[in-house]
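Colleague: Have a look at this one.
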Amino acid sequence: MSEQQRPLQAQDKLAVLLALVPYLIDRERVPVAEAAAHFALPAQAIRDAVRLIAVSGVPGDTRAYQVDDLFDIDWDAFLDDDEIVLTHRVALDDAPRFSAREAAALIAGLQYLSAIPENADRAAIAGLMDKLSRGASARPSALAVESRAVDASLAVVRTAIDAGEQLAFQYRNARGDRELRTVDPLRLDSLDADWYLRAYDHGRDAVRTFRLDRMRDPRPTGEPRSELAEGLVPGEQLFEGGADDSTVTVSLPTAALGLIADYRPDAVADAGGDRSTARLRIAGGTGLARLAASLGGALEVLEPAPAREAVAAWARDAAQRYRA
């Protein structure tokens with residue numbers, strides 16, 4: 001008699017039950033043949049185990065088994081279609097679960113990850129989202145993370161990097177000016193929700209950083225990456241300063257200094273109390289205004305006077321638009 005056909009002993013039956021219950025809970029509908037193949041057991045042994053599960057459970061406060069204290073299965077599916085469907089579970093249902101809101105938040109994050117090209121069509125992500133939907137304490141809200149226009153640009157840029165091909169695109173800089181740029185793409189980086197391209201800019205003869213959401217119509221030029229870009233390795237700092245950048249001095253809470261680390265402050269001093277001053281290189285007044293706005297008013301521009309006035313004018317214009 002083969003190992004697979006020998007009768008199960010009591011200890012073996014217990015081991016099968018302990019493994020079979022979570023296996024069935026993790027799946028909505030399982031053919032008997034599939035379960036038998038998974039556990040390397042005869043189909044009849046699986047059927048016997050399922051019948052035993054159907055009369056198993058945990059007694060309640062009365063110390064006697066009530067209807068809700070026992071597992072139950074879809075008997076029509078089991079007897080007619082040879083499929084196992086648990087319709088009522090006990091014991092394991094008392095384990096902590098994500099709330100519907102927690103599960104929805106996690107599913108939204110997984111949807112965002114699956115939209116990134118390198119994670120697209122990942123069966124593991126889809127399976128995890130399905131488990132979160134079925135394993136939450138209540139049904140999560142139906143939601144979908146909207147794909148952004150930058151997703152298409154991301155795929156084009158990544159393809160150009162892999163192919164070693166030049167890119168051309170319309171780019172809107174921090175001052176709001178738009179111009180055609182031709183670059184040798186080197187690498188992609190992400191910071192928070194934004195994607196950045198590090199590339200050798202032919203027009204600037206230097207490595208520059210471009211935000212993908214400021215690009216329009218990126219397209220390969222058909223030209224291979226230039227010799228000037230060969231061997232270039234972008235530094236660890238995401239933002240590289242330009243010759244036309246302005247130097248400004250700002251004041252902000254000392255605890256917020258980490259939020260401006262990417263601007264590479266070249267001088268930081270204690271301004272007394274819980275505030276510090278820092279000197280930054282910024283590309284234009286619009287970029288400085290956006291930085292100030294992102295810190296919720298905690299950042300104050302000290303000098304030069306034109307930069308301070310530019311930020312104040314930007315704030316006044318924003319407030320007027322808000323009132324309108």
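Just remember, in the structure tokens the first chain shown is A, the second B, etc., residues are 1-based per chain, and ligands are 1-based in the order shown.
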May I have the residues within 12 Å of Leu257 of chain A as a list in words, using only C-alpha atoms and disregarding those fewer than 3 positions away in the same chain?
Modeller: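 The filter keeps Val250, Ser251, Leu252, Pro253, Thr254, Ile260, Ala261, Asp262, Tyr263, Arg264, Pro265, Ala267, Val268, Ala269, Asp270, Asp274, Arg275, Ser276, Thr277, Ala278, Arg279, Leu280, Leu295, Ala298 and Leu299 of chain A.
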Colleague: Hey, can you spit out that residue selection with N, CA and C atoms as a compact mmCIF listing (two decimals), in the first residue's frame?
Modeller:
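out_29.txt, freshly written:
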# COMPACT_ATOMS: atom_id res chain seq x y z
N VAL A 250 16.50 82.27 5.20
CA VAL A 250 15.16 82.04 5.72
C VAL A 250 15.25 81.70 7.20
N SER A 251 14.13 81.89 7.88
CA SER A 251 13.99 81.51 9.28
C SER A 251 12.87 80.49 9.39
N LEU A 252 13.10 79.46 10.18
CA LEU A 252 12.08 78.42 10.34
C LEU A 252 12.32 77.69 11.65
N PRO A 253 11.33 76.93 12.13
CA PRO A 253 11.53 76.16 13.37
C PRO A 253 12.69 75.18 13.21
N THR A 254 13.49 75.06 14.24
CA THR A 254 14.63 74.14 14.19
C THR A 254 14.18 72.72 13.90
N ILE A 260 13.87 70.85 4.70
CA ILE A 260 14.53 71.59 3.63
C ILE A 260 15.90 71.00 3.30
N ALA A 261 16.14 69.77 3.77
CA ALA A 261 17.46 69.15 3.56
C ALA A 261 17.79 69.00 2.08
N ASP A 262 16.77 68.77 1.23
CA ASP A 262 17.02 68.57 -0.19
C ASP A 262 17.50 69.86 -0.88
N TYR A 263 17.32 71.00 -0.22
CA TYR A 263 17.79 72.26 -0.80
C TYR A 263 19.25 72.55 -0.42
N ARG A 264 19.84 71.64 0.31
CA ARG A 264 21.24 71.73 0.72
C ARG A 264 21.59 73.08 1.34
N PRO A 265 21.01 73.42 2.47
CA PRO A 265 21.36 74.70 3.12
C PRO A 265 22.86 74.71 3.44
N ALA A 267 24.48 77.10 5.12
CA ALA A 267 24.77 77.76 6.39
C ALA A 267 23.52 77.70 7.26
N VAL A 268 23.65 77.14 8.44
CA VAL A 268 22.53 77.05 9.38
C VAL A 268 23.01 77.60 10.72
N ALA A 269 22.22 78.49 11.31
CA ALA A 269 22.59 79.09 12.59
C ALA A 269 21.40 79.10 13.52
N ASP A 270 21.68 79.01 14.80
CA ASP A 270 20.63 79.06 15.81
C ASP A 270 20.19 80.52 15.96
N ASP A 274 13.45 78.28 19.61
CA ASP A 274 13.31 77.03 18.86
C ASP A 274 13.38 77.27 17.35
N ARG A 275 13.96 78.41 16.92
CA ARG A 275 14.05 78.74 15.51
C ARG A 275 15.52 78.80 15.06
N SER A 276 15.70 78.56 13.76
CA SER A 276 17.04 78.63 13.16
C SER A 276 16.95 79.40 11.86
N THR A 277 18.09 79.90 11.39
CA THR A 277 18.17 80.53 10.08
C THR A 277 19.00 79.64 9.17
N ALA A 278 18.67 79.65 7.88
CA ALA A 278 19.38 78.83 6.91
C ALA A 278 19.51 79.61 5.61
N ARG A 279 20.59 79.34 4.89
CA ARG A 279 20.81 79.97 3.59
C ARG A 279 20.65 78.92 2.51
N LEU A 280 19.77 79.19 1.54
CA LEU A 280 19.42 78.23 0.51
C LEU A 280 19.67 78.82 -0.87
N LEU A 295 5.33 74.66 3.92
CA LEU A 295 5.62 74.58 5.35
C LEU A 295 4.56 75.28 6.19
N ALA A 298 5.36 78.41 8.39
CA ALA A 298 6.42 78.31 9.40
C ALA A 298 7.72 78.92 8.91
N LEU A 299 7.89 79.04 7.59
CA LEU A 299 9.12 79.59 7.02
C LEU A 299 8.94 81.07 6.71
Colleague: Give the answer as one residue: which of A:Thr209, A:Ser153, A:Thr247, A:Thr221 has the shortest atom-to-atom distance to Gln166 of chain A, using only C-alpha atoms?
Modeller: A:Thr221
Colleague: Of the candidates A:Gly203, A:Val311, A:Arg29, A:Ala124, which shows the shortest atom-to-atom distance to Asp81 of chain A, using only C-alpha atoms?
Modeller: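 Among A:Gly203, A:Val311, A:Arg29, A:Ala124, it is A:Arg29 that comes nearest to Asp81 of chain A.
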Colleague: Which residues, written as a PDB file with N, CA and C atoms, in the first residue's frame, have at least one atom at most 10 Å from segment 223-235 of chain A, with only C-alpha atoms counted and residues fewer than 2 positions away on the same chain left out?
Modeller:
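Written out: selection_12.pdb:
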ATOM      1  N   ALA A 160      13.507  54.900 -22.213  1.00  0.00           N
ATOM      2  CA  ALA A 160      14.647  55.627 -22.783  1.00  0.00           C
ATOM      3  C   ALA A 160      15.923  55.365 -21.984  1.00  0.00           C
ATOM      4  N   ILE A 161      15.805  55.296 -20.662  1.00  0.00           N
ATOM      5  CA  ILE A 161      16.984  55.009 -19.831  1.00  0.00           C
ATOM      6  C   ILE A 161      17.522  53.626 -20.146  1.00  0.00           C
ATOM      7  N   ALA A 163      17.149  51.906 -22.840  1.00  0.00           N
ATOM      8  CA  ALA A 163      17.649  51.809 -24.216  1.00  0.00           C
ATOM      9  C   ALA A 163      18.861  52.706 -24.458  1.00  0.00           C
ATOM     10  N   GLY A 164      19.232  53.557 -23.477  1.00  0.00           N
ATOM     11  CA  GLY A 164      20.348  54.470 -23.676  1.00  0.00           C
ATOM     12  C   GLY A 164      20.090  55.478 -24.778  1.00  0.00           C
ATOM     13  N   GLU A 165      18.865  56.035 -24.793  1.00  0.00           N
ATOM     14  CA  GLU A 165      18.442  56.914 -25.877  1.00  0.00           C
ATOM     15  C   GLU A 165      18.127  58.300 -25.338  1.00  0.00           C
ATOM     16  N   GLN A 166      18.384  59.328 -26.148  1.00  0.00           N
ATOM     17  CA  GLN A 166      18.095  60.700 -25.746  1.00  0.00           C
ATOM     18  C   GLN A 166      16.590  60.961 -25.695  1.00  0.00           C
ATOM     19  N   LEU A 167      16.213  61.925 -24.841  1.00  0.00           N
ATOM     20  CA  LEU A 167      14.811  62.322 -24.701  1.00  0.00           C
ATOM     21  C   LEU A 167      14.662  63.803 -25.037  1.00  0.00           C
ATOM     22  N   VAL A 183      17.810  65.854 -23.504  1.00  0.00           N
ATOM     23  CA  VAL A 183      18.658  65.366 -22.423  1.00  0.00           C
ATOM     24  C   VAL A 183      19.086  63.926 -22.688  1.00  0.00           C
ATOM     25  N   ASP A 184      20.144  63.540 -21.993  1.00  0.00           N
ATOM     26  CA  ASP A 184      20.533  62.136 -21.901  1.00  0.00           C
ATOM     27  C   ASP A 184      20.037  61.625 -20.556  1.00  0.00           C
ATOM     28  N   PRO A 185      18.961  60.835 -20.514  1.00  0.00           N
ATOM     29  CA  PRO A 185      18.413  60.391 -19.224  1.00  0.00           C
ATOM     30  C   PRO A 185      19.374  59.440 -18.518  1.00  0.00           C
ATOM     31  N   LEU A 186      19.551  59.667 -17.216  1.00  0.00           N
ATOM     32  CA  LEU A 186      20.494  58.862 -16.443  1.00  0.00           C
ATOM     33  C   LEU A 186      19.790  57.960 -15.431  1.00  0.00           C
ATOM     34  N   ARG A 187      18.882  58.540 -14.636  1.00  0.00           N
ATOM     35  CA  ARG A 187      18.197  57.697 -13.652  1.00  0.00           C
ATOM     36  C   ARG A 187      16.945  58.392 -13.133  1.00  0.00           C
ATOM     37  N   ARG A 198      16.910  62.417 -13.427  1.00  0.00           N
ATOM     38  CA  ARG A 198      18.265  62.968 -13.415  1.00  0.00           C
ATOM     39  C   ARG A 198      18.824  62.751 -14.814  1.00  0.00           C
ATOM     40  N   ALA A 199      19.273  63.817 -15.455  1.00  0.00           N
ATOM     41  CA  ALA A 199      19.687  63.716 -16.849  1.00  0.00           C
ATOM     42  C   ALA A 199      20.755  64.757 -17.164  1.00  0.00           C
ATOM     43  N   TYR A 200      21.550  64.440 -18.187  1.00  0.00           N
ATOM     44  CA  TYR A 200      22.511  65.420 -18.699  1.00  0.00           C
ATOM     45  C   TYR A 200      21.777  66.309 -19.690  1.00  0.00           C
ATOM     46  N   ASP A 201      21.689  67.604 -19.350  1.00  0.00           N
ATOM     47  CA  ASP A 201      20.941  68.574 -20.147  1.00  0.00           C
ATOM     48  C   ASP A 201      21.886  69.161 -21.196  1.00  0.00           C
ATOM     49  N   HIS A 202      21.591  68.931 -22.483  1.00  0.00           N
ATOM     50  CA  HIS A 202      22.444  69.438 -23.556  1.00  0.00           C
ATOM     51  C   HIS A 202      22.472  70.958 -23.587  1.00  0.00           C
ATOM     52  N   ASP A 205      24.672  71.949 -20.482  1.00  0.00           N
ATOM     53  CA  ASP A 205      25.968  71.269 -20.371  1.00  0.00           C
ATOM     54  C   ASP A 205      26.243  70.839 -18.934  1.00  0.00           C
ATOM     55  N   ALA A 206      25.210  70.302 -18.293  1.00  0.00           N
ATOM     56  CA  ALA A 206      25.352  69.875 -16.893  1.00  0.00           C
ATOM     57  C   ALA A 206      24.232  68.898 -16.563  1.00  0.00           C
ATOM     58  N   VAL A 207      24.412  68.198 -15.459  1.00  0.00           N
ATOM     59  CA  VAL A 207      23.374  67.292 -14.973  1.00  0.00           C
ATOM     60  C   VAL A 207      22.294  68.121 -14.288  1.00  0.00           C
ATOM     61  N   ARG A 208      21.046  67.871 -14.637  1.00  0.00           N
ATOM     62  CA  ARG A 208      19.920  68.586 -14.060  1.00  0.00           C
ATOM     63  C   ARG A 208      18.861  67.594 -13.595  1.00  0.00           C
ATOM     64  N   THR A 209      17.969  68.085 -12.739  1.00  0.00           N
ATOM     65  CA  THR A 209      16.872  67.271 -12.207  1.00  0.00           C
ATOM     66  C   THR A 209      15.560  67.832 -12.730  1.00  0.00           C
ATOM     67  N   PRO A 220      11.388  59.802 -27.215  1.00  0.00           N
ATOM     68  CA  PRO A 220      12.759  59.481 -27.605  1.00  0.00           C
ATOM     69  C   PRO A 220      13.092  60.156 -28.935  1.00  0.00           C
ATOM     70  N   THR A 221      14.318  60.620 -29.073  1.00  0.00           N
ATOM     71  CA  THR A 221      14.730  61.298 -30.306  1.00  0.00           C
ATOM     72  C   THR A 221      15.269  60.327 -31.349  1.00  0.00           C
ATOM     73  N   GLN A 237      22.531  63.725  -3.852  1.00  0.00           N
ATOM     74  CA  GLN A 237      21.587  64.823  -3.673  1.00  0.00           C
ATOM     75  C   GLN A 237      20.658  64.884  -4.872  1.00  0.00           C
ATOM     76  N   LEU A 238      19.370  64.960  -4.607  1.00  0.00           N
ATOM     77  CA  LEU A 238      18.397  64.966  -5.695  1.00  0.00           C
ATOM     78  C   LEU A 238      18.459  66.251  -6.516  1.00  0.00           C
ATOM     79  N   PHE A 239      18.639  67.389  -5.848  1.00  0.00           N
ATOM     80  CA  PHE A 239      18.591  68.678  -6.537  1.00  0.00           C
ATOM     81  C   PHE A 239      19.996  69.239  -6.711  1.00  0.00           C
ATOM     82  N   GLU A 240      20.329  69.554  -7.942  1.00  0.00           N
ATOM     83  CA  GLU A 240      21.616  70.168  -8.268  1.00  0.00           C
ATOM     84  C   GLU A 240      21.390  71.653  -8.563  1.00  0.00           C
TER      85      GLU A 240
END
Colleague: What separation in Å, quoted to one decimal, exists between atom CA of Ile46 of chain A and atom CA of Glu34 of chain A?
Modeller: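 Between atom CA of Ile46 of chain A and atom CA of Glu34 of chain A the gap is 10.0 Å.
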Colleague: When you draw a straight line from atom CA of Ala168 of chain A to atom CA of Asp217 of chain A, how long is it in Å?
Modeller: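 Taking atom CA of Ala168 of chain A as the start and atom CA of Asp217 of chain A as the end point, the length is 8.2 Å.
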Colleague: Set the distance at 12 Å and use only C-alpha atoms: which residues neighbour segment 316-318 of chain A once local chain neighbours fewer than 6 positions away are removed? I'd like the list as a ChimeraX atom specification.
Modeller: /A:289-290,293,309-310,324
Colleague: Please, could you write that set of residues out with N, CA and C atoms as an mmCIF file, in the first residue's frame?
Modeller:
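The new file selection-v5.cif reads:
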data_model
loop_
_atom_site.group_PDB
_atom_site.id
_atom_site.type_symbol
_atom_site.label_atom_id
_atom_site.label_comp_id
_atom_site.auth_asym_id
_atom_site.auth_seq_id
_atom_site.Cartn_x
_atom_site.Cartn_y
_atom_site.Cartn_z
ATOM 1 N N ALA A 289 8.328 80.601 -3.093
ATOM 2 C CA ALA A 289 6.958 80.757 -2.593
ATOM 3 C C ALA A 289 6.323 79.402 -2.323
ATOM 4 N N ARG A 290 6.553 78.456 -3.223
ATOM 5 C CA ARG A 290 5.983 77.117 -3.032
ATOM 6 C C ARG A 290 6.591 76.441 -1.812
ATOM 7 N N ALA A 293 4.939 77.994 1.193
ATOM 8 C CA ALA A 293 3.562 77.523 1.330
ATOM 9 C C ALA A 293 3.513 76.082 1.825
ATOM 10 N N GLU A 309 9.787 90.149 -0.884
ATOM 11 C CA GLU A 309 8.632 90.802 -1.497
ATOM 12 C C GLU A 309 7.951 89.876 -2.506
ATOM 13 N N ALA A 310 8.745 89.064 -3.240
ATOM 14 C CA ALA A 310 8.171 88.151 -4.222
ATOM 15 C C ALA A 310 7.272 87.122 -3.543
ATOM 16 N N ALA A 324 -11.891 85.436 -4.225
ATOM 17 C CA ALA A 324 -12.706 85.532 -5.439
ATOM 18 C C ALA A 324 -13.452 84.230 -5.688
#
Colleague: With only C-alpha atoms as the basis for distance, which of A:Gln320, A:His88, A:Ser133, A:Leu41 is at the shortest distance from Ala108 of chain A?
Modeller: A:Ser133
Colleague: Let me make sure I understand: among A:Ala54, A:Val16, A:Leu132, A:Ala315, which one has the smallest atom-to-atom distance to His38 of chain A if we use only C-alpha atoms?
Modeller: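 Among the listed residues, A:Val16 lies closest to His38 of chain A.
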